[in-house]
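> The following block contains the structure, expressed as structure tokens.
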Amino acid sequence: MKLMKSLLAATAIIALAAGAAQAKQLVFCSEASPAHFDPGPTTGGNDFDASSRTIFNRLVEFKHGGTEVEPGLAESWEISDDGLVYTFHLRPNVKFHTTSYFTPTRDFNADDVIFSFERQWKEDNAYYTYLSGLSWDYFQGMDMPKYLKSIEKVDDLTVKITLNEPNSPMIANLGMDFASIMSKEYADQLEAAGTLADFASAPVGTGPFQFVDYQTDAVIRYSAFPDYWAGKVAIDDLIFAITTDPAVRVQKLKAGECDIIPYPAPADIADLQADPNLVVQEQEGLNIGYMSYNTTVAPMDNVAVRKALNQAINKDAIIEAVYQGAGQVAVNLIPPTMWSYNTAVKDDAYDPAAAKAALEAAGVKDLTLDLWAMPVSRPYNPNAQRVAELIQADWAAVGVKANIVSYEWTEYRERGKAKDRPGAFQIGWTGDNGDPDNFFATLFSCSAIGVSNYSSWCDEGFEKLIQDAKTVPDQAERTKLYEQAQVVFKEQAPALTLAHSKVFMPMSKRVIGFTMDPLGIHRFDNVDVAE
Amino acid sequence: MTEITPTATERPRLAALAEFWHYFSMNRGAVIGLVVFAILVIVALFAPWIAPYPADQQFRDALLLPPSWMEGGRSAYLLGTDPVGRDMLSRLIHGSRYSLAIGLVVVTVALSVGIVLGVLAGYFRGWVDVVIMRVMDIILAFPSLLLALVLVAIMGPGLFNAMLAIALVLQPHFARLVRAAVMAEAGKDYVTSARVAGAGHIRLMIKTILPNCVAPLIVQATLSFSNAILEAAALGFLGMGAQPPTPEWGTMLASAREFITRAPWVVTFPGLAILITVLAINLVGDGLRDALDPKLKRS
Amino acid sequence: MLRYILHKLALIVPTVIGITICSFAFIRLLPGDPILAMAGQHGVSPERYEILKEQFGFNMPIWQQYLSYVWNVLHGDFGISLATKRPVLTDFLALFPATIELALFAMLLAVALGIPAGIFAAVKRGSWFDQLTMGVALTGYSMPIFWWGLLLIIFFSGYLGWTPVSGRIAINFFFKPITGFMLVDTLLYGNWAAFVSAVRHLILPAVVLGTIPLAVIARQTRSAMLEVLGEDYVRTARAKGLSPSRVINIHALRNAMIPVVTTIGLQVGMLMAGAILTETIFSWPGIGKWMIESISKRDYVVVQSGLLLIALVVMAVNLIVDVLYAVINPRIRAR
């Protein structure tokens with residue numbers, strides 16, 4: 001019976017696909033399967049592409065192609081003078097998706113907002129542990145439990161969020177994926193039916209696309225949501241064809257099996273650019289690849305030694321050989337596209353002779369260092385092994401012997417965190433929300449030692465600057481503080497700032513209106529395809 | 001002594017060898033394979049003198065150069081250079097050492113462990129046999145590459161661990177072979193008479209039984225040699241074998257995979273090197289089998 | 001016959017117990033913390049870490065973890081994937097048809113080409129056809145298939161554009177799977193174009209995966225045929241004046257097929273190993289790719305149960321082959 005039913009349903013769908021040849025379809029060959037479709041507990045860019053940026057909306061949204069926020073499900077908001085109370089005025093008449101598994105009976109309202117946060121926050125919420133081994137990484141990682149005091153419903157279309165202490169990046173945080181707004185009605189319905197896990201596999205949101213089907217590890221299908229509050233999007237069907245291998249993605253794009261692909265191998269860029277049927281968009285990534293010296297272990301507790309090691313490295317050669325030109329030398333910790341970037345800071349120039357002299361002056365002889373190389377390719381560092389090989393050769397030229405060290409990826413990070421970890425540790429960061437705090441405080445604050453401060457570096461002057469910048473609401477003032485912080489960072493050299501990678505999006509000429517996103521997410525709500 | 005091993009005199013052994021060579025040399029493929037393999041051994045032994053450059057010397061002005069006969073190639077780098085400017089030919093020459101070492105180590109380990117286990121199981125029978133053979137069954141129930149992958153993931157990626165994992169995975173074949181041979185031989189008259197004459201267990205096995213299953217072991221060892229090279233390359237390709245910058249062929253192939261369209265030579269040559277080596281060894285293996293297998297000789 | 005099967009089954013029991021111990025133990029030995037592996041770039045707080053550890057039962061004594069694992073497995077519960085939070089069995093069953101389809105097609109290719117090639121080579125022993133076939137077979141047998149796959153993609157999909165690059169079917173065909181086998185499903189729906197598309201997607205991966213079995217089967221068939229052709233009764237048949245084709249068909253082939261069937265059975269384990277590489281190269285959504293990705297993601301539960309499930313499948317196939325073998329060849333049973 002069940003078979004019969006699905007047979008009938010399926011034949012109907014095939015017929016529909018055949019009949020709807022003129023339907024506008026966009027195929028995105030995504031780089032990995034999503035874990036599931038709940039953006040709250042997931043952490044990967046591939047998870048977010050498949051859920052939060054297609055199916056869901058947030059109170060505030062990042063502008064297309066930027067990191068500034070604009071109204072989303074909240075039409076407007078006010079922040080009290082003490083920076084503690086945020087009042088959001090919600091957009092009226094916003095519909096949730098009507099799917100084969102859920103039919104909404106009411107519009108979006110304040111209850112949905114409160115539910116969306118409380119499920120990640122309050123342990124007594126039924127959804128707090130609705131999947132086995134769930135952890136709300138971003139909610140925790142952005143310190144939401146620390147800052148949040150209460151979320152209250154003022155009326156159906158007004159929500160008041162109260163904080164324990166002021167936190168300037170809060171609005172930007174609310175534009176992040178974990179803050180996606182879910183349907184409380186749907187959640188309640190599943191709770192009553194006892195099928196909570198469906199919340200992650202059969203999602204319902206307010207977003208531009210609604211979920212149709214997912215074939216494990218192969219294809220995700222979406223269709224345009226006809227009642228989308230911002231108007232139905234231009235394409236009718238959005239398809240994610242999961243293609244893990246970058247070389248295969250490129251081949252599929254060239255063969256016309258994909259319309260648009262993320263993360264091509266750097267080696268293929270030139271070839272793609274030369275293809276007359278393709279357009280290759282590019283953008284500076286909101287990321288940094290760097291190499292942390294442990295500033296508590298001799299001889300790298302000496303600034304002069306750290307500086308000399310930096311000077312000995314030919315960053316341009318690394319950019320050419322590893323990033324294949326798809327990157328630029330990093331001078332500061334934050335990328336140049338981010339506000340408060342300090343253009344006045346000068347990088348340590350490549351000068352092996354000076355480096356050698358400085359090391360001798362510092363009394364360092366026959367130095368042997370561990371040189372850590374990540375086992376995986378990351379957007380900020382496509383091939384840490386190759387970087388390590390190049391640095392090894394550069395250091396050898398100034399009499400420093402490097403042993404390349406690598407471990408399995410989680411173990412690599414665990415070992416790297418150890419306060420007494422020896423050597424130079426390659427790592428990097430991709431911005432979450434476009435706020436400089438997300439780089440400075442996360443990576444080099446004193447409290448991040450043993451967590452994500454791989455240099456074990458706690459500098460009084462630097463710490464004061466970044467902590468002040470966190471609480472001051474005025475952006476101009478914050479900019480000044482961060483600019484100073486960058487000067488201190490370069491003087492103290494707790495790390496080698498290696499590169500900001502460029503991100504490329506090759507696509508077919510028929511794709512219209514795609515804008516790249518500095519946060520590394522892929523959005524298709526403003527995309528159209530030529531007939 | 002002589003009564004129990006009547007064949008162990010000098011003349012018949014020489015004659016057997018001569019006969020073996022006669023059959024082996026009739027097989028043209030096997031001889032070609034042997035010659036190629038010999039060249040490979042020589043290249044591996046003298047790699048530092050044959051190779052134009054050290055395997056890890058980087059020429060920063062010569063990144064990803066094509067082979068010298070192609071447009072843009074330079075005669076200094078016959079087979080071109082890799083993404084950090086290392087000479088492909090030199091790396092391939094040095095890589096031959098790794099491949100041969102992998103084959104040698106894996107076969108030695110697998111063979112010795114397999115012989116010990118197989119002899120124990122086949123000679124003592126009973127629960128010893130049951131336990132050993134069940135363990136072998138367990139190992140064989142997992143697809144070899146998958147098991148090797150998991151083992152390497154446990155021990156940590158690296159050439160040495162990869163070799164151990166492959167040896168463990170290949171070893172049951174030897175154990176089974178030896179067990180079967182021992183069981184077949186153990187019931188024969190000459191063994192029984194040796195036992196009656198009071199020969200000890202160990203002596204019986206080493207002097208009497210083992211020499212009689214040398215032929216299938218040699219064939220199996222040759223097959224394992226080439227298998228080991230392929231599996232190690234596959235592990236390297238999946239990032240679990242030798243780690244870069246080691247010029248192991250599979251690893252070279254994996255780390256250059258992104259260049260497959262732009263610079264096909266960095267992918268083509270290591271693969272070709274693997275293919276040629278494995279093919280040569282398999283040719284030799286075929287020749288050995290035919291020459292050692294009396295059944296096929298007859299037909 | 002029944003006794004033979006029961007005997008074989010009894011032999012399998014300790015092996016299966018051993019496999020559960022192995023797959024369980026392997027996973028505890030893997031370096032890298034599974035809970036940390038799940039976390040993103042922000043990591044996980046110590047309190048949260050403890051809670052998760054308890055949820056997964058990682059704080060129980062190891063033997064207790066093992067017993068509860070076996071207990072669950074016996075009840076058909078293979079655990080919940082750390083990454084996708086779905087039951088492992090659900091994912092396995094969703095992905096397994098893709099691997100089976102690929103493996104069967106590869107095997108079909110290998111048998112359909114390998115057996116005739118082997119027979120002809122044996123009959124025309126020493127001819128140029130024999131030498132060529134055996135040369136090609138040995139080359140195929142020596143092929144690093146990951147490299148072979150890359151070359152084929154570049155040439156047939158990239159350069160010639162004859163075959164699709166990856167995937168199981170063109171993206172615009174969309175239907176709910178009935179059996180999970182694309183070729184069968186498309187036919188069940190009666191959509192010819194979809195069937196053709198599925199075949200086109202299957203060809204290249206199947207060629208790559210089938211290369212080694214093809215070589216092995218061709219070689220095995222040839223030597224089995226040579227052996228049988230040398231047997232007395234075949235010579236007698238010839239001497240009696242039976243036509244060569246009749247001799248080959250009736251007498252030689254039937255007897256030569258016995259070792260060939262065994263060889264085909266033995267290739268199943270090989271196919272699973274080959275599937276890991278083939279699926280990785282062709283982004284084929286099957287078990288091999290799933291396992292590789294789970295190993296690199298440290299999805300302990302998936303690796304543990306995946307290993308177990310795959311080993312069980314391999315053993316089941318081997319058992320079937322053993323039984324089939326016994327059916328064809330009654331002499332075996334007596335032993």
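Letters A, B, ... go to the chains of the structure tokens in the order shown; residues in each chain start at 1; ligands are counted from 1 in the same order.
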If DSSP is run on the backbone, what residues of region 246-304 of chain A are helix (DSSP H, G or I)? A reply as a PyMOL selection string would be ideal.
chain A and resi 246-254+266-274+303-304
> Return the neighbours of chain B among the residues of chain A, cut-off 10 Å, counting only C-alpha atoms, as an mmCIF file with C-alpha atoms, in the first residue's frame.

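What landed in out10.cif:
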```
data_model
loop_
_atom_site.group_PDB
_atom_site.id
_atom_site.type_symbol
_atom_site.label_atom_id
_atom_site.label_comp_id
_atom_site.auth_asym_id
_atom_site.auth_seq_id
_atom_site.Cartn_x
_atom_site.Cartn_y
_atom_site.Cartn_z
ATOM 1 C CA ASP A 245 35.769 16.366 -5.034
ATOM 2 C CA PRO A 246 36.879 19.809 -6.265
ATOM 3 C CA ALA A 247 38.294 18.473 -9.535
ATOM 4 C CA VAL A 248 35.018 16.686 -10.247
ATOM 5 C CA VAL A 250 35.051 21.731 -12.012
ATOM 6 C CA GLN A 251 34.520 19.000 -14.590
ATOM 7 C CA PRO A 264 37.308 25.211 -7.059
ATOM 8 C CA ALA A 265 40.889 24.014 -6.622
ATOM 9 C CA PRO A 266 43.223 27.022 -6.968
ATOM 10 C CA ALA A 267 44.992 25.176 -9.754
ATOM 11 C CA ASP A 268 41.884 25.218 -11.929
ATOM 12 C CA ILE A 269 41.082 28.927 -11.642
ATOM 13 C CA ALA A 270 43.076 30.110 -14.642
ATOM 14 C CA ASP A 271 41.541 27.469 -16.847
ATOM 15 C CA ALA A 317 56.528 32.572 -2.610
ATOM 16 C CA ILE A 318 53.944 30.812 -0.447
ATOM 17 C CA GLU A 320 52.294 31.843 -5.411
ATOM 18 C CA ALA A 321 53.031 28.180 -4.793
ATOM 19 C CA VAL A 322 50.226 27.265 -2.411
ATOM 20 C CA GLN A 324 48.242 29.843 -6.680
ATOM 21 C CA PRO A 375 46.119 17.639 7.866
ATOM 22 C CA VAL A 376 43.162 19.194 6.059
ATOM 23 C CA ASN A 383 47.544 23.109 1.753
ATOM 24 C CA GLN A 385 51.708 20.696 4.249
ATOM 25 C CA ARG A 386 52.995 22.555 1.241
ATOM 26 C CA VAL A 387 53.255 25.774 3.254
ATOM 27 C CA ALA A 388 55.278 23.876 5.839
ATOM 28 C CA GLU A 389 57.621 22.530 3.167
ATOM 29 C CA LEU A 390 58.249 26.042 1.905
ATOM 30 C CA ALA A 393 63.271 25.559 3.267
ATOM 31 C CA ILE A 404 57.045 19.140 10.217
ATOM 32 C CA SER A 406 50.873 16.768 11.839
ATOM 33 C CA TYR A 407 48.023 14.917 13.517
ATOM 34 C CA GLU A 408 44.463 14.003 12.805
#
```
> Would you mind listing, for every residue of chain C within 7 Å of chain B, the two atoms forming the shortest contact and the distance between them in Å to one decimal, using only C-alpha atoms, sorted by chain and ascending residue number, as JSON lines?

```
{"residue": "C:Thr15", "atom": "CA", "partner": "B:Ile138", "partner_atom": "CA", "distance": 5.5}
{"residue": "C:Gly18", "atom": "CA", "partner": "B:Ile138", "partner_atom": "CA", "distance": 6.4}
{"residue": "C:Ile19", "atom": "CA", "partner": "B:Ile138", "partner_atom": "CA", "distance": 5.9}
{"residue": "C:Leu29", "atom": "CA", "partner": "B:Ile154", "partner_atom": "CA", "distance": 5.9}
{"residue": "C:Leu30", "atom": "CA", "partner": "B:Ile154", "partner_atom": "CA", "distance": 4.3}
{"residue": "C:Pro31", "atom": "CA", "partner": "B:Ile154", "partner_atom": "CA", "distance": 6.0}
{"residue": "C:Leu138", "atom": "CA", "partner": "B:Leu279", "partner_atom": "CA", "distance": 6.9}
{"residue": "C:Thr139", "atom": "CA", "partner": "B:Leu279", "partner_atom": "CA", "distance": 6.1}
{"residue": "C:Ser142", "atom": "CA", "partner": "B:Leu279", "partner_atom": "CA", "distance": 5.2}
{"residue": "C:Met143", "atom": "CA", "partner": "B:Leu275", "partner_atom": "CA", "distance": 5.6}
{"residue": "C:Pro144", "atom": "CA", "partner": "B:Leu230", "partner_atom": "CA", "distance": 6.1}
{"residue": "C:Trp147", "atom": "CA", "partner": "B:Gly271", "partner_atom": "CA", "distance": 6.0}
{"residue": "C:Gly230", "atom": "CA", "partner": "B:Ser299", "partner_atom": "CA", "distance": 6.1}
{"residue": "C:Gly269", "atom": "CA", "partner": "B:Pro143", "partner_atom": "CA", "distance": 5.1}
{"residue": "C:Met270", "atom": "CA", "partner": "B:Pro143", "partner_atom": "CA", "distance": 6.4}
{"residue": "C:Met272", "atom": "CA", "partner": "B:Pro143", "partner_atom": "CA", "distance": 6.0}
{"residue": "C:Ala273", "atom": "CA", "partner": "B:Pro143", "partner_atom": "CA", "distance": 5.1}
{"residue": "C:Ala311", "atom": "CA", "partner": "B:Phe142", "partner_atom": "CA", "distance": 5.1}
{"residue": "C:Val314", "atom": "CA", "partner": "B:Ala141", "partner_atom": "CA", "distance": 6.2}
{"residue": "C:Met315", "atom": "CA", "partner": "B:Ala141", "partner_atom": "CA", "distance": 6.0}
```
> Would you work out the distance separating CA of Pro92 (chain A) from CA of Arg119 (chain A), expressed in Å to one decimal?
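About the pair CA of Pro92 (chain A) and CA of Arg119 (chain A): they are 23.1 Å apart.
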> Suppose you want the space between CA of Glu411 (chain A) and CA of Lys297 (chain C); what is it in Å?
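Here the two named atoms are 11.7 Å from each other.
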> Would you please work out which residue, of C:Leu52, C:Ile17, C:Ile276, C:Ile115, is nearest to chain A when using only C-alpha atoms?
C:Leu52
> Quick one, how far is CA of Asp111 (chain A) from CA of Lys153 (chain A)?
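CA of Lys153 (chain A) lies at a distance of 7.2 Å from CA of Asp111 (chain A).
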> What lies within 8 Å of Ile203 (chain C) using only C-alpha atoms, ignoring chain neighbours under 4 positions off, as a count of residues only?
3
> For a quick test of understanding: name the residues of chain A lying within 6 Å of chain C when counting only C-alpha atoms, and present them as an MDAnalysis selection string.
chainID A and resid 10 35:36 43 133 141 217:218 243 252 410:411
> Could you check the closest approach to Leu253 (chain A) for each of A:Ile55, A:Asn277, A:Trp429, A:Glu491 and tell me which residue wins, using only C-alpha atoms?
A:Asn277
> Contacts of Tyr263 (chain A) at 12 Å or less, counting only C-alpha atoms, minus same-chain residues fewer than 4 places along, as a PyMOL selection string?
(chain A and resi 28-32+45-46+243-250+267-269+280-283+285+326+377-380+382+501-507+520-522) or (chain B and resi 258)
> Next, write the just-selected residues to a file, as a compact mmCIF listing (two decimals), in the first residue's frame, keeping N, CA and C atoms as the atom set.

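Here's the written file result-v5.txt:
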```
# COMPACT_ATOMS: atom_id res chain seq x y z
N PHE A 28 23.29 23.84 -8.00
CA PHE A 28 24.47 24.24 -7.24
C PHE A 28 25.18 22.96 -6.82
N CYS A 29 26.42 22.78 -7.27
CA CYS A 29 27.14 21.57 -6.87
C CYS A 29 27.86 21.84 -5.57
N SER A 30 27.22 21.47 -4.49
CA SER A 30 27.75 21.82 -3.17
C SER A 30 28.89 20.88 -2.79
N GLU A 31 29.69 21.33 -1.83
CA GLU A 31 30.96 20.64 -1.55
C GLU A 31 30.84 19.51 -0.55
N ALA A 32 29.74 19.45 0.21
CA ALA A 32 29.61 18.38 1.20
C ALA A 32 28.14 18.20 1.56
N GLY A 45 29.78 25.46 6.88
CA GLY A 45 29.22 26.32 5.85
C GLY A 45 28.27 25.56 4.95
N ASN A 46 28.59 24.27 4.69
CA ASN A 46 27.72 23.45 3.84
C ASN A 46 26.37 23.20 4.52
N THR A 243 28.83 17.21 -4.46
CA THR A 243 30.00 16.75 -5.21
C THR A 243 31.22 17.10 -4.39
N THR A 244 31.76 16.12 -3.70
CA THR A 244 32.80 16.43 -2.71
C THR A 244 34.15 16.75 -3.33
N ASP A 245 34.43 16.19 -4.48
CA ASP A 245 35.77 16.37 -5.03
C ASP A 245 35.87 17.64 -5.87
N PRO A 246 36.81 18.54 -5.54
CA PRO A 246 36.88 19.81 -6.27
C PRO A 246 37.15 19.64 -7.76
N ALA A 247 37.99 18.67 -8.11
CA ALA A 247 38.29 18.47 -9.53
C ALA A 247 37.04 18.02 -10.28
N VAL A 248 36.25 17.17 -9.63
CA VAL A 248 35.02 16.69 -10.25
C VAL A 248 34.01 17.83 -10.37
N ARG A 249 33.95 18.69 -9.36
CA ARG A 249 33.04 19.84 -9.44
C ARG A 249 33.35 20.68 -10.67
N VAL A 250 34.64 20.92 -10.86
CA VAL A 250 35.05 21.73 -12.01
C VAL A 250 34.64 21.05 -13.31
N ALA A 267 44.30 25.50 -8.51
CA ALA A 267 44.99 25.18 -9.75
C ALA A 267 44.10 25.31 -10.98
N ASP A 268 42.79 25.21 -10.78
CA ASP A 268 41.88 25.22 -11.93
C ASP A 268 41.38 26.61 -12.30
N ILE A 269 41.68 27.61 -11.45
CA ILE A 269 41.08 28.93 -11.64
C ILE A 269 41.39 29.52 -13.02
N VAL A 280 33.81 33.72 -13.69
CA VAL A 280 34.39 33.40 -12.40
C VAL A 280 34.36 34.65 -11.53
N GLN A 281 33.51 34.65 -10.54
CA GLN A 281 33.49 35.78 -9.60
C GLN A 281 34.56 35.54 -8.55
N GLU A 282 35.11 36.62 -8.06
CA GLU A 282 36.08 36.45 -6.99
C GLU A 282 35.91 37.52 -5.93
N GLN A 283 36.35 37.20 -4.74
CA GLN A 283 36.19 38.12 -3.63
C GLN A 283 37.24 37.79 -2.57
N GLY A 285 38.33 36.75 0.82
CA GLY A 285 37.64 35.99 1.86
C GLY A 285 37.76 36.70 3.21
N ALA A 326 45.63 32.87 -5.51
CA ALA A 326 44.29 33.10 -5.00
C ALA A 326 44.34 33.51 -3.54
N SER A 377 42.60 20.61 4.21
CA SER A 377 42.57 21.85 3.45
C SER A 377 41.48 22.74 4.03
N ARG A 378 41.80 23.98 4.26
CA ARG A 378 40.83 24.94 4.78
C ARG A 378 40.77 26.12 3.82
N PRO A 379 39.69 26.87 3.82
CA PRO A 379 39.62 28.01 2.92
C PRO A 379 40.79 28.99 3.13
N TYR A 380 41.21 29.16 4.39
CA TYR A 380 42.28 30.13 4.67
C TYR A 380 43.66 29.56 4.40
N PRO A 382 44.87 26.39 1.85
CA PRO A 382 44.48 25.23 1.06
C PRO A 382 45.39 24.03 1.25
N SER A 501 42.86 34.36 2.03
CA SER A 501 42.66 33.72 0.73
C SER A 501 41.57 34.45 -0.03
N LYS A 502 41.64 34.31 -1.32
CA LYS A 502 40.58 34.82 -2.17
C LYS A 502 39.60 33.68 -2.39
N VAL A 503 38.35 34.03 -2.52
CA VAL A 503 37.35 33.00 -2.74
C VAL A 503 36.83 33.16 -4.16
N PHE A 504 36.68 32.03 -4.86
CA PHE A 504 36.22 32.08 -6.25
C PHE A 504 34.90 31.34 -6.40
N MET A 505 34.03 31.90 -7.20
CA MET A 505 32.78 31.20 -7.53
C MET A 505 32.67 31.13 -9.04
N PRO A 506 33.01 30.01 -9.64
CA PRO A 506 32.82 29.87 -11.07
C PRO A 506 31.36 29.50 -11.35
N MET A 507 30.81 30.08 -12.39
CA MET A 507 29.41 29.76 -12.71
C MET A 507 29.17 29.87 -14.20
N GLY A 520 31.20 33.77 3.39
CA GLY A 520 31.42 32.43 2.85
C GLY A 520 30.16 31.60 2.74
N ILE A 521 29.00 32.25 2.84
CA ILE A 521 27.77 31.49 2.66
C ILE A 521 27.28 31.70 1.24
N HIS A 522 26.44 30.78 0.79
CA HIS A 522 25.96 30.86 -0.59
C HIS A 522 24.45 31.06 -0.57
N GLU B 258 44.95 18.02 -7.50
CA GLU B 258 44.25 19.24 -7.90
C GLU B 258 44.74 19.81 -9.23
```
> Would you pick out the contacts of Pro116 (chain C) at 12 Å or less, using only C-alpha atoms, so that residues sharing its chain but fewer than 2 positions from it are not included, and give the list as a list in words?
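Residues meeting the cut-off are Leu109, Ala110, Val111, Ala112, Leu113, Gly114, Gly118, Ile119, Phe120, Ala121, Ala122, Val123, Lys124, Asp130, Thr133, Leu214, Ile217, Ala218, Arg219, Gln220, Thr221, Arg222, Met225, Ile248, Asn249, Leu253 and Met257 of chain C.
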> Grab the residues selected above and save them as a PDB file, in the first residue's frame with C-alpha atoms.

```pdb
ATOM      1  CA  LEU C 109      30.933  -6.191 -17.199  1.00  0.00           C
ATOM      2  CA  ALA C 110      33.817  -8.258 -15.873  1.00  0.00           C
ATOM      3  CA  VAL C 111      31.997 -11.554 -16.411  1.00  0.00           C
ATOM      4  CA  ALA C 112      30.532 -10.654 -19.779  1.00  0.00           C
ATOM      5  CA  LEU C 113      33.920  -9.654 -21.165  1.00  0.00           C
ATOM      6  CA  GLY C 114      36.244 -11.711 -19.042  1.00  0.00           C
ATOM      7  CA  GLY C 118      39.492 -16.121 -21.369  1.00  0.00           C
ATOM      8  CA  ILE C 119      37.896 -18.904 -23.375  1.00  0.00           C
ATOM      9  CA  PHE C 120      39.088 -17.600 -26.706  1.00  0.00           C
ATOM     10  CA  ALA C 121      42.539 -16.986 -25.341  1.00  0.00           C
ATOM     11  CA  ALA C 122      42.693 -20.569 -24.104  1.00  0.00           C
ATOM     12  CA  VAL C 123      41.363 -22.074 -27.305  1.00  0.00           C
ATOM     13  CA  LYS C 124      43.708 -20.026 -29.428  1.00  0.00           C
ATOM     14  CA  ASP C 130      45.852 -14.736 -26.556  1.00  0.00           C
ATOM     15  CA  THR C 133      44.304 -10.367 -24.119  1.00  0.00           C
ATOM     16  CA  LEU C 214      37.750  -8.411 -15.344  1.00  0.00           C
ATOM     17  CA  ILE C 217      38.320 -13.496 -14.398  1.00  0.00           C
ATOM     18  CA  ALA C 218      39.853 -13.482 -17.864  1.00  0.00           C
ATOM     19  CA  ARG C 219      43.070 -14.963 -16.538  1.00  0.00           C
ATOM     20  CA  GLN C 220      41.309 -17.504 -14.367  1.00  0.00           C
ATOM     21  CA  THR C 221      39.008 -18.597 -17.174  1.00  0.00           C
ATOM     22  CA  ARG C 222      41.932 -19.069 -19.499  1.00  0.00           C
ATOM     23  CA  MET C 225      40.095 -23.847 -19.703  1.00  0.00           C
ATOM     24  CA  ILE C 248      34.413 -26.612 -25.760  1.00  0.00           C
ATOM     25  CA  ASN C 249      30.785 -25.947 -25.023  1.00  0.00           C
ATOM     26  CA  LEU C 253      33.231 -25.115 -20.319  1.00  0.00           C
ATOM     27  CA  MET C 257      33.423 -22.807 -14.762  1.00  0.00           C
TER      28      MET C 257
END
```
> Contacts of Ala76 (chain B) at 9 Å or less, counting only C-alpha atoms, minus same-chain residues fewer than 5 places along, as number ranges by chain?
B: 52, 68, 87
